[in-house]
>>> print(open('final13.txt').read())   # compact mmCIF, C-alpha atoms
# COMPACT_ATOMS: atom_id res chain seq x y z
CA MET W 14 108.41 81.25 107.68
CA THR W 15 111.61 80.91 105.67
CA ARG W 16 113.96 83.49 104.17
CA ARG W 17 112.85 82.40 100.71
CA GLU W 18 109.18 83.08 101.54
CA VAL W 19 110.10 86.53 102.84
CA GLU W 20 112.20 87.25 99.73
CA ASP W 21 109.33 86.09 97.47
CA ALA W 22 106.94 88.42 99.29
CA LEU W 23 109.37 91.30 98.91
CA ARG W 24 109.86 90.59 95.19
CA SER W 25 106.12 90.61 94.57
CA GLY W 26 106.07 94.32 95.39
CA ALA W 27 102.70 93.95 97.10
CA PRO W 28 102.37 95.19 100.68
CA PHE W 29 102.82 92.37 103.16
CA SER W 30 103.00 91.84 106.88
CA LEU W 31 105.04 89.60 109.12
CA ASN W 32 102.81 90.37 112.09
CA GLY W 33 102.83 87.42 114.47
CA LYS W 34 104.94 85.22 112.16
CA ASP W 35 107.35 82.62 113.50
CA LEU W 36 110.79 83.62 112.21
CA ARG W 37 112.84 82.05 115.02
CA GLY W 38 116.37 81.31 113.84
CA THR W 39 115.70 82.61 110.32
CA ASP W 40 118.50 84.39 108.47
CA LEU W 41 117.06 87.67 107.20
CA SER W 42 120.41 89.46 107.06
CA GLY W 43 120.72 92.28 104.56
CA LEU W 44 117.03 92.27 103.56
CA HIS W 45 115.13 95.50 102.93
CA LEU W 46 112.23 95.32 105.38
CA ASN W 47 111.50 99.03 105.60
CA ASP W 48 107.95 99.80 106.77
CA VAL W 49 107.19 96.08 107.32
CA ASP W 50 104.95 95.16 110.27
CA LEU W 51 106.71 92.58 112.44
CA SER W 52 104.57 93.20 115.53
CA TYR W 53 104.30 90.18 117.83
CA ALA W 54 106.65 88.19 115.57
CA GLU W 55 108.84 85.47 117.05
CA LEU W 56 112.42 86.42 116.14
CA GLU W 57 114.37 84.64 118.84
CA GLY W 58 117.79 83.69 117.50
CA ALA W 59 117.08 85.20 114.07
CA VAL W 60 119.79 86.98 112.09
CA LEU W 61 118.93 90.48 110.86
CA ALA W 62 122.51 91.70 110.58
CA ALA W 63 122.82 94.64 108.17
CA ALA W 64 119.06 94.49 107.49
CA TYR W 65 117.14 97.63 106.57
CA LEU W 66 114.25 98.10 108.98
CA GLN W 67 113.59 101.84 108.74
CA LYS W 68 110.10 102.68 110.00
CA ALA W 69 109.43 98.98 110.60
CA ILE W 70 106.94 98.09 113.32
CA LEU W 71 108.42 95.64 115.80
CA TRP W 72 105.90 96.31 118.58
CA SER W 73 106.03 93.58 121.25
CA VAL W 74 108.33 91.45 119.08
CA ARG W 75 110.05 88.57 120.84
CA ALA W 76 113.65 88.90 119.71
CA ARG W 77 115.85 87.50 122.47
CA ASN W 78 119.35 86.60 121.27
CA THR W 79 118.67 88.10 117.85
CA ASP W 80 121.52 89.46 115.74
CA PHE W 81 120.80 93.05 114.65
CA ARG W 82 124.49 93.97 114.07
CA GLN W 83 124.77 96.97 111.73
CA ALA W 84 121.00 96.91 111.07
CA ASP W 85 119.27 100.20 110.29
CA LEU W 86 116.29 100.56 112.63
CA SER W 87 115.90 104.32 112.17
CA ASP W 88 112.39 105.51 113.07
CA ALA W 89 111.35 101.92 113.90
CA ASN W 90 108.77 101.17 116.58
CA LEU W 91 110.23 98.66 119.05
CA GLY W 92 107.88 99.53 121.90
CA THR W 93 107.63 96.78 124.55
CA ALA W 94 109.94 94.56 122.45
CA ASP W 95 111.83 91.76 124.18
CA LEU W 96 115.40 92.45 123.04
CA ARG W 97 117.22 90.69 125.87
CA ARG W 98 120.75 89.61 124.94
CA CYS W 99 120.37 91.01 121.39
CA ASN W 100 123.43 91.99 119.43
CA LEU W 101 122.83 95.60 118.38
CA GLN W 102 126.49 96.45 117.79
CA GLN W 103 126.84 99.31 115.30
CA ALA W 104 123.07 99.32 114.76
CA THR W 105 121.36 102.58 113.84
CA LEU W 106 118.37 103.28 116.08
CA LYS W 107 117.99 107.00 115.35
CA ARG W 108 114.58 108.27 116.48
CA ALA W 109 113.45 104.69 117.18
CA SER W 110 110.81 104.12 119.83
CA LEU W 111 112.07 101.72 122.48
CA LEU W 112 109.31 102.68 124.91
CA GLY W 113 109.21 99.96 127.56
CA ALA W 114 111.54 97.68 125.58
CA ASN W 115 113.59 95.12 127.47
CA LEU W 116 117.25 95.54 126.48
CA GLU W 117 118.66 93.61 129.41
CA ALA W 118 122.19 92.39 128.58
CA ALA W 119 121.84 93.68 124.99
CA ASP W 120 125.06 94.66 123.22
CA LEU W 121 124.79 98.35 122.28
CA ARG W 122 128.46 98.99 121.60
CA GLN W 123 128.89 101.59 118.84
CA ALA W 124 125.09 101.78 118.39
CA ASP W 125 123.49 105.10 117.42
CA LEU W 126 120.45 105.84 119.59
CA THR W 127 120.35 109.55 118.76
CA GLY W 128 116.81 110.86 119.28
CA ALA W 129 115.51 107.43 120.39
CA ASN W 130 112.74 107.17 122.98
CA LEU W 131 114.09 105.05 125.84
CA GLN W 132 111.32 105.88 128.31
CA ASN W 133 110.79 102.91 130.67
CA ALA W 134 113.29 100.81 128.70
CA ILE W 135 115.14 98.19 130.74
CA LEU W 136 118.89 98.50 130.21
CA ARG W 137 120.15 96.39 133.11
CA SER W 138 123.53 94.80 132.25
CA ALA W 139 123.45 96.28 128.72
CA LEU W 140 126.86 96.59 127.10
CA TYR W 141 127.88 99.96 125.69
CA ASP W 142 131.06 101.90 125.07
CA GLU W 143 132.28 105.45 124.48
CA ALA W 144 131.20 105.14 120.82
CA THR W 145 127.56 104.43 121.77
CA LEU W 146 125.48 107.52 120.93
CA TRP W 147 122.61 108.20 123.35
CA PRO W 148 119.63 110.57 123.07
CA ALA W 149 120.34 114.11 124.25
CA GLY W 150 120.14 114.31 128.04
CA PHE W 151 119.92 110.54 128.52
CA ARG W 152 122.13 109.02 131.20
CA PRO W 153 122.91 105.34 130.58
CA PRO W 154 122.96 102.99 133.56
CA GLU W 155 126.20 102.59 135.45
CA ARG W 156 128.35 99.77 134.18
CA GLY W 157 128.91 97.04 136.76
>>> encode(input="final13.txt", output="structure tokens")
Amino acid sequence: MTRREVEDALRSGAPFSLNGKDLRGTDLSGLHLNDVDLSYAELEGAVLAAAYLQKAILWSVRARNTDFRQADLSDANLGTADLRRCNLQQATLKRASLLGANLEAADLRQADLTGANLQNAILRSALYDEATLWPAGFRPPERG
């Protein structure tokens, strides 16, 4: 699926789904994809920088090496998502569900994970800094 097809679907105003769609390498930066179902989508290498994905469903999405820099994923469902090596710098993940998500080697520097559910999330080798905001009581893994 191309950016143009996604933009056309958004312009139509009709509800649509990207569930299971192949969006590998597609530039979707800056698009308003709030509430869109992207479950099981193939997003590897896609660009969603500064995209609006509030309340989006990204359940079991395959998004390795995807660029989510400055994206707003507030209240999104990223349960069991493959987010290995994703760029989530300055992303907003407030109250997002990352239940069982794989964030191995993901870049979380300056990300806001306030209120996020990180139960069973894999954070091995994830990058973070003093500006990364974690859920209350959450202890990030030791940096190696």
>>> closest_residue(input="final13.txt", among="W:Lys34, W:Lys107, W:Arg98, W:Arg16", to="Asp125 (chain W)", atoms="all atoms listed in the file")
W:Lys107
>>> residues_around(input="final13.txt", residues="region 141-145 of chain W", least_positions_apart="3", cutoff="10 Å", atoms="all atoms listed in the file", output="PyMOL selection string")
chain W and resi 101-104+118-127+138+153-154+156
>>> closest_residue(input="final13.txt", among="W:Arg137, W:Arg24, W:Arg152, W:Arg82", to="Arg97 (chain W)", atoms="all atoms listed in the file")
W:Arg137
>>> atom_distance(input="final13.txt", atom1="CA of Leu44 (chain W)", atom2="CA of Ile135 (chain W)")
27.9 Å
>>> atom_distance(input="final13.txt", atom1="CA of Leu96 (chain W)", atom2="CA of Gly43 (chain W)")
19.2 Å
>>> residues_around(input="final13.txt", residues="Val19 (chain W)", least_positions_apart="2", cutoff="12 Å", atoms="only C-alpha atoms", output="list in words")
Met14, Thr15, Arg16, Arg17, Asp21, Ala22, Leu23, Arg24, Ser25, Gly26, Ala27, Pro28, Phe29, Ser30, Leu31, Lys34, Asp35, Leu36, Thr39, Asp40, Leu41, Ser42, Leu44, His45, Leu46, Val49 and Leu51 of chain W
>>> closest_residue(input="final13.txt", among="W:Asp80, W:Asp85, W:Glu117, W:Glu20", to="Asn100 (chain W)", atoms="only C-alpha atoms")
W:Asp80
>>> decode(input="final13.txt", residues="region 47-88 of chain W", atoms="N, CA and C atoms", output="tab-separated table (two decimals), in the first residue's frame")
chain	number	residue	atom	x	y	z
W	47	ASN	N	-5.13	8.53	13.83
W	47	ASN	CA	-5.77	8.28	15.11
W	47	ASN	C	-6.88	7.24	14.94
W	48	ASP	N	-6.95	6.32	15.88
W	48	ASP	CA	-7.99	5.28	15.92
W	48	ASP	C	-7.91	4.26	14.78
W	49	VAL	N	-6.91	4.32	13.93
W	49	VAL	CA	-6.81	3.39	12.80
W	49	VAL	C	-6.28	2.04	13.29
W	50	ASP	N	-6.83	0.96	12.74
W	50	ASP	CA	-6.41	-0.39	13.08
W	50	ASP	C	-5.27	-0.81	12.15
W	51	LEU	N	-4.08	-0.92	12.72
W	51	LEU	CA	-2.90	-1.38	11.99
W	51	LEU	C	-2.44	-2.75	12.48
W	52	SER	N	-3.32	-3.47	13.18
W	52	SER	CA	-2.95	-4.78	13.70
W	52	SER	C	-2.37	-5.66	12.61
W	53	TYR	N	-1.31	-6.38	12.95
W	53	TYR	CA	-0.67	-7.35	12.06
W	53	TYR	C	-0.10	-6.72	10.79
W	54	ALA	N	-0.04	-5.40	10.71
W	54	ALA	CA	0.52	-4.74	9.53
W	54	ALA	C	2.03	-4.97	9.47
W	55	GLU	N	2.56	-4.93	8.28
W	55	GLU	CA	4.00	-5.01	8.04
W	55	GLU	C	4.51	-3.58	7.88
W	56	LEU	N	5.23	-3.08	8.89
W	56	LEU	CA	5.72	-1.71	8.88
W	56	LEU	C	7.24	-1.63	8.87
W	57	GLU	N	7.91	-2.74	8.66
W	57	GLU	CA	9.37	-2.72	8.75
W	57	GLU	C	9.96	-1.66	7.84
W	58	GLY	N	10.80	-0.79	8.43
W	58	GLY	CA	11.46	0.26	7.68
W	58	GLY	C	10.56	1.41	7.26
W	59	ALA	N	9.32	1.43	7.72
W	59	ALA	CA	8.41	2.53	7.38
W	59	ALA	C	8.80	3.79	8.15
W	60	VAL	N	8.32	4.93	7.69
W	60	VAL	CA	8.58	6.20	8.35
W	60	VAL	C	7.24	6.75	8.84
W	61	LEU	N	7.10	6.82	10.16
W	61	LEU	CA	5.91	7.40	10.78
W	61	LEU	C	6.32	8.56	11.69
W	62	ALA	N	7.40	9.22	11.35
W	62	ALA	CA	7.89	10.35	12.14
W	62	ALA	C	6.81	11.42	12.20
W	63	ALA	N	6.59	11.93	13.41
W	63	ALA	CA	5.61	12.99	13.67
W	63	ALA	C	4.20	12.62	13.23
W	64	ALA	N	3.91	11.33	13.13
W	64	ALA	CA	2.55	10.88	12.80
W	64	ALA	C	1.68	10.91	14.06
W	65	TYR	N	0.39	11.04	13.85
W	65	TYR	CA	-0.58	11.05	14.94
W	65	TYR	C	-1.27	9.70	14.97
W	66	LEU	N	-0.99	8.93	16.03
W	66	LEU	CA	-1.49	7.57	16.13
W	66	LEU	C	-2.21	7.36	17.47
W	67	GLN	N	-2.84	8.43	17.98
W	67	GLN	CA	-3.55	8.29	19.25
W	67	GLN	C	-4.65	7.24	19.12
W	68	LYS	N	-4.70	6.36	20.10
W	68	LYS	CA	-5.70	5.29	20.17
W	68	LYS	C	-5.65	4.34	18.99
W	69	ALA	N	-4.57	4.38	18.22
W	69	ALA	CA	-4.43	3.43	17.11
W	69	ALA	C	-4.19	2.03	17.66
W	70	ILE	N	-4.56	1.04	16.89
W	70	ILE	CA	-4.35	-0.35	17.28
W	70	ILE	C	-3.22	-0.90	16.43
W	71	LEU	N	-2.11	-1.17	17.09
W	71	LEU	CA	-0.94	-1.71	16.42
W	71	LEU	C	-0.59	-3.08	17.01
W	72	TRP	N	-1.61	-3.84	17.36
W	72	TRP	CA	-1.45	-5.14	17.98
W	72	TRP	C	-0.67	-6.07	17.04
W	73	SER	N	0.39	-6.65	17.55
W	73	SER	CA	1.22	-7.62	16.81
W	73	SER	C	1.75	-7.07	15.49
W	74	VAL	N	1.91	-5.75	15.40
W	74	VAL	CA	2.47	-5.15	14.19
W	74	VAL	C	3.95	-5.53	14.09
W	75	ARG	N	4.42	-5.69	12.89
W	75	ARG	CA	5.84	-5.96	12.65
W	75	ARG	C	6.46	-4.65	12.19
W	76	ALA	N	7.20	-4.02	13.10
W	76	ALA	CA	7.69	-2.67	12.83
W	76	ALA	C	9.19	-2.54	13.13
W	77	ARG	N	9.95	-3.56	12.86
W	77	ARG	CA	11.40	-3.45	13.09
W	77	ARG	C	11.98	-2.32	12.24
W	78	ASN	N	12.92	-1.59	12.84
W	78	ASN	CA	13.62	-0.50	12.14
W	78	ASN	C	12.68	0.59	11.62
W	79	THR	N	11.55	0.77	12.25
W	79	THR	CA	10.59	1.79	11.84
W	79	THR	C	10.89	3.11	12.56
W	80	ASP	N	10.69	4.21	11.87
W	80	ASP	CA	10.95	5.53	12.40
W	80	ASP	C	9.67	6.14	12.96
W	81	PHE	N	9.56	6.15	14.30
W	81	PHE	CA	8.43	6.76	14.99
W	81	PHE	C	8.86	8.04	15.71
W	82	ARG	N	9.96	8.67	15.27
W	82	ARG	CA	10.44	9.89	15.95
W	82	ARG	C	9.32	10.92	16.06
W	83	GLN	N	9.12	11.43	17.26
W	83	GLN	CA	8.15	12.49	17.57
W	83	GLN	C	6.71	12.10	17.22
W	84	ALA	N	6.44	10.82	17.05
W	84	ALA	CA	5.06	10.38	16.79
W	84	ALA	C	4.27	10.43	18.10
W	85	ASP	N	2.97	10.64	17.98
W	85	ASP	CA	2.09	10.63	19.15
W	85	ASP	C	1.33	9.32	19.15
W	86	LEU	N	1.73	8.42	20.05
W	86	LEU	CA	1.11	7.10	20.20
W	86	LEU	C	0.36	7.02	21.52
W	87	SER	N	-0.14	8.15	22.01
W	87	SER	CA	-0.89	8.17	23.27
W	87	SER	C	-2.08	7.23	23.18
W	88	ASP	N	-2.25	6.42	24.22
W	88	ASP	CA	-3.39	5.49	24.33
W	88	ASP	C	-3.43	4.45	23.22
